[in-house]
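Asker: This is the structure I have questions about; it appears just below.
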Amino acid sequence: MTASKVIRASVVWGIVIVCGLWIIFPIFWTFSVSLKNSEQLFTLPPTYIPNPPTLQNYADAISSRGILPALRNSLIVMVVSAPISVLFASLAAYGLARFQFRGKRLLLYGILSIRMLPGLILAIPMFLVFRPLGLQDTLLGLIIIYTAFNMPFNIWLLTGFFEEIPREIEEAGLIDGCNPWQLYRRIILPLATPALVASLIFCMLLAWNEFQFALILTRTDASRTLPVVISGMTSDRGTYFGQMGATGVLAILPVLAVAIYVQRYLVKGLTAGAVKG
């Protein structure tokens with residue numbers, strides 16, 4: 001290798017290492033804090049590796065903070081809302097990809113602009129709508145909110161992918177006797193699996209991490225999610241850093257496991273629809 005190539009490779013790898021440490025360090029620090037006792041939390045210089053490590057923060061978070069009910073609620077809302085949002089978004093995206101009409105591109109931008117609205121702008125009106133319907137402080141209310149709020153991004157992502165599927169494949173299915181529903185279910189959806197999985201992962205992450213709707217629409221442990229419970233660990237009496245770190249680890253692990261398992265679909269789905277022609 002020439003000197004210029006060595007320098008270029010060194011710069012690239014240096015940037016990659018710095019970015020990797022920038023991403024990994026907060027996760028490492030959260031895990032480290034979760035294993036520290038109260039004395040190690042405030043030492044100077046800071047203690048990076050707990051000695052000795054303790055699981056007391058996990059025990060306190062589970063016993064006194066209602067972590068397990070919140071974890072259950074977050075899982076239910078995520079697992080139910082994400083597939084429903086992707087299903088309805090796929091139907092809308094397929095129609096937008098296959099039918100040509102005036103103002104189609106403007107409609108797509110209008111759909112995407114809904115997702116750009118801050119959640120706080122919509123949270124209070126939804127509170128006023130949900131209260132007389134009995135959907136306040138219920139998991140069903142959160143599922144409805146997350147399903148609707150995630151659909152614009154899903155429609156935008158899936159439309160680009162469906163536009164890349166050759167029409168000849170659909171014509172062959174029609175010749176073989178498929179009706180429109182069979183064509184969509186047996187041919188289009190299997191071909192769109194990478195994009196559907198990528199869209200599903202994003203929906204799960206957004207539902208898992210969402211805070212504003214959950215804060216305004218929930219009041220009791222029966223419907224509170226993990227982000228709301230974690231926010232309650234900071235008050236005028238102080239911040240429970242150890243319990244917050246333990247809860248953060250419990251919140252990271254499920255999503256991290258799912259992301260690692262489906263990463264190949266995620267990368268392929270994100271690049272789908274990026275190039276036309």
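Chains: A, B, ... in order of the structure tokens. Residues: from 1 per chain. Ligands: from 1, in order shown.
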For the structure I just gave you, how does DSSP split region 54-257 of chain A - specifically, which residues are alpha helix (DSSP H)? Reply as number ranges by chain.
Answerer: A: 56-64, 67-98, 104-115, 119-133, 139-164, 167-175, 180-183, 189-191, 193-209, 212-217, 226-231, 241-257
Asker: Listing only residues of region 229-261 of chain A within 10 Å of region 182-203 of chain A, what is the closest atom pair and its distance in Å (to one decimal) for each, using only C-alpha atoms, sorted by chain and residue number ascending, as a Markdown table?
Answerer:
```
| residue | atom | partner | partner_atom | distance |
| --- | --- | --- | --- | --- |
| A:Val255 | CA | A:Ile201 | CA | 8.9 |
| A:Val258 | CA | A:Ile201 | CA | 8.2 |
| A:Ala259 | CA | A:Ile201 | CA | 7.3 |
```
Asker: Take the residues from that selection and put them in a file with C-alpha atoms, as a short mmCIF file (atom, residue, chain, number, x, y, z; two decimals), in the first residue's frame.
Answerer:
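Generated output (selection_21.cif):
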```cif
data_model
loop_
_atom_site.label_atom_id
_atom_site.label_comp_id
_atom_site.auth_asym_id
_atom_site.auth_seq_id
_atom_site.Cartn_x
_atom_site.Cartn_y
_atom_site.Cartn_z
CA VAL A 255 -34.78 -4.03 21.74
CA VAL A 258 -34.46 -7.96 18.38
CA ALA A 259 -32.30 -5.52 16.41
#
```
Asker: Between A:Phe213, A:Arg237, A:Gly20, A:Val11, single out the one closest to Leu120 (chain A), counting only C-alpha atoms.
Answerer: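 Among A:Phe213, A:Arg237, A:Gly20, A:Val11, it is A:Phe213 that comes nearest to Leu120 (chain A).
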Asker: Give me the residues within 8 Å of Gln56 (chain A) as a PyMOL selection string, counting only C-alpha atoms and dropping any in the same chain fewer than 3 places off.
Answerer: chain A and resi 35+37+59-60
Asker: Hey, can you check how far CA of Gln243 (chain A) sits from CA of Asn57 (chain A)?
Answerer: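 Between CA of Gln243 (chain A) and CA of Asn57 (chain A) the gap is 4.9 Å.
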Asker: Find the residue from A:Gly173, A:Leu140, A:Asn154, A:Pro227 that sits nearest to Ile76 (chain A); use only C-alpha atoms when measuring.
Answerer: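 Closest to Ile76 (chain A), using only C-alpha atoms: A:Leu140.
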Asker: Grab the CA of Thr218 (chain A) to CA of Leu256 (chain A) distance for me, in Å with one decimal place.
Answerer: 25.9 Å
Asker: For Asp137 (chain A), which residue out of A:Thr220, A:Gln212, A:Ser81, A:Asn179 is the nearest one, using only C-alpha atoms?
Answerer: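 Going through A:Thr220, A:Gln212, A:Ser81, A:Asn179 one by one, the smallest distance to Asp137 (chain A) is for A:Thr220.
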Asker: When distances are computed from only C-alpha atoms, which of A:Val262, A:Ala207, A:Ala257, A:Leu250 shows the smallest separation from Val79 (chain A)?
Answerer: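 The shortest atom-to-atom distance to Val79 (chain A) comes from A:Ala207.
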Asker: Would you list the contacts of Gly245 (chain A) as a ChimeraX atom specification, taking every protein, DNA or RNA residue within 7 Å and counting only C-alpha atoms, but skipping same-chain residues closer than 3 positions in sequence?
Answerer: /A:30-31,33-34,241-242,248-249
Asker: Please produce a file of those selected residues containing C-alpha atoms, as a tab-separated table (two decimals), in the first residue's frame.
Answerer:
```tsv
chain	number	residue	atom	x	y	z
A	30	THR	CA	-25.57	2.70	31.96
A	31	PHE	CA	-24.63	-0.91	32.65
A	33	VAL	CA	-24.06	2.55	36.93
A	34	SER	CA	-26.62	-0.21	37.38
A	241	PHE	CA	-29.07	6.98	39.44
A	242	GLY	CA	-28.53	3.33	40.33
A	248	GLY	CA	-32.24	1.47	31.50
A	249	VAL	CA	-30.44	-1.86	31.09
```
Asker: Tell me which of A:Tyr240, A:Phe149, A:Phe25, A:Trp13 sits closest to Ser64 (chain A), counting only C-alpha atoms.
Answerer: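 Of all the options, A:Tyr240 lies closest to Ser64 (chain A).
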Asker: Which residue, A:Leu55, A:Ile23, A:Ile216, A:Ile260, has the smallest gap to Leu128 (chain A) when you use only C-alpha atoms?
Answerer: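 Checking each of A:Leu55, A:Ile23, A:Ile216, A:Ile260 against Leu128 (chain A), counting only C-alpha atoms, the winner is A:Ile216.
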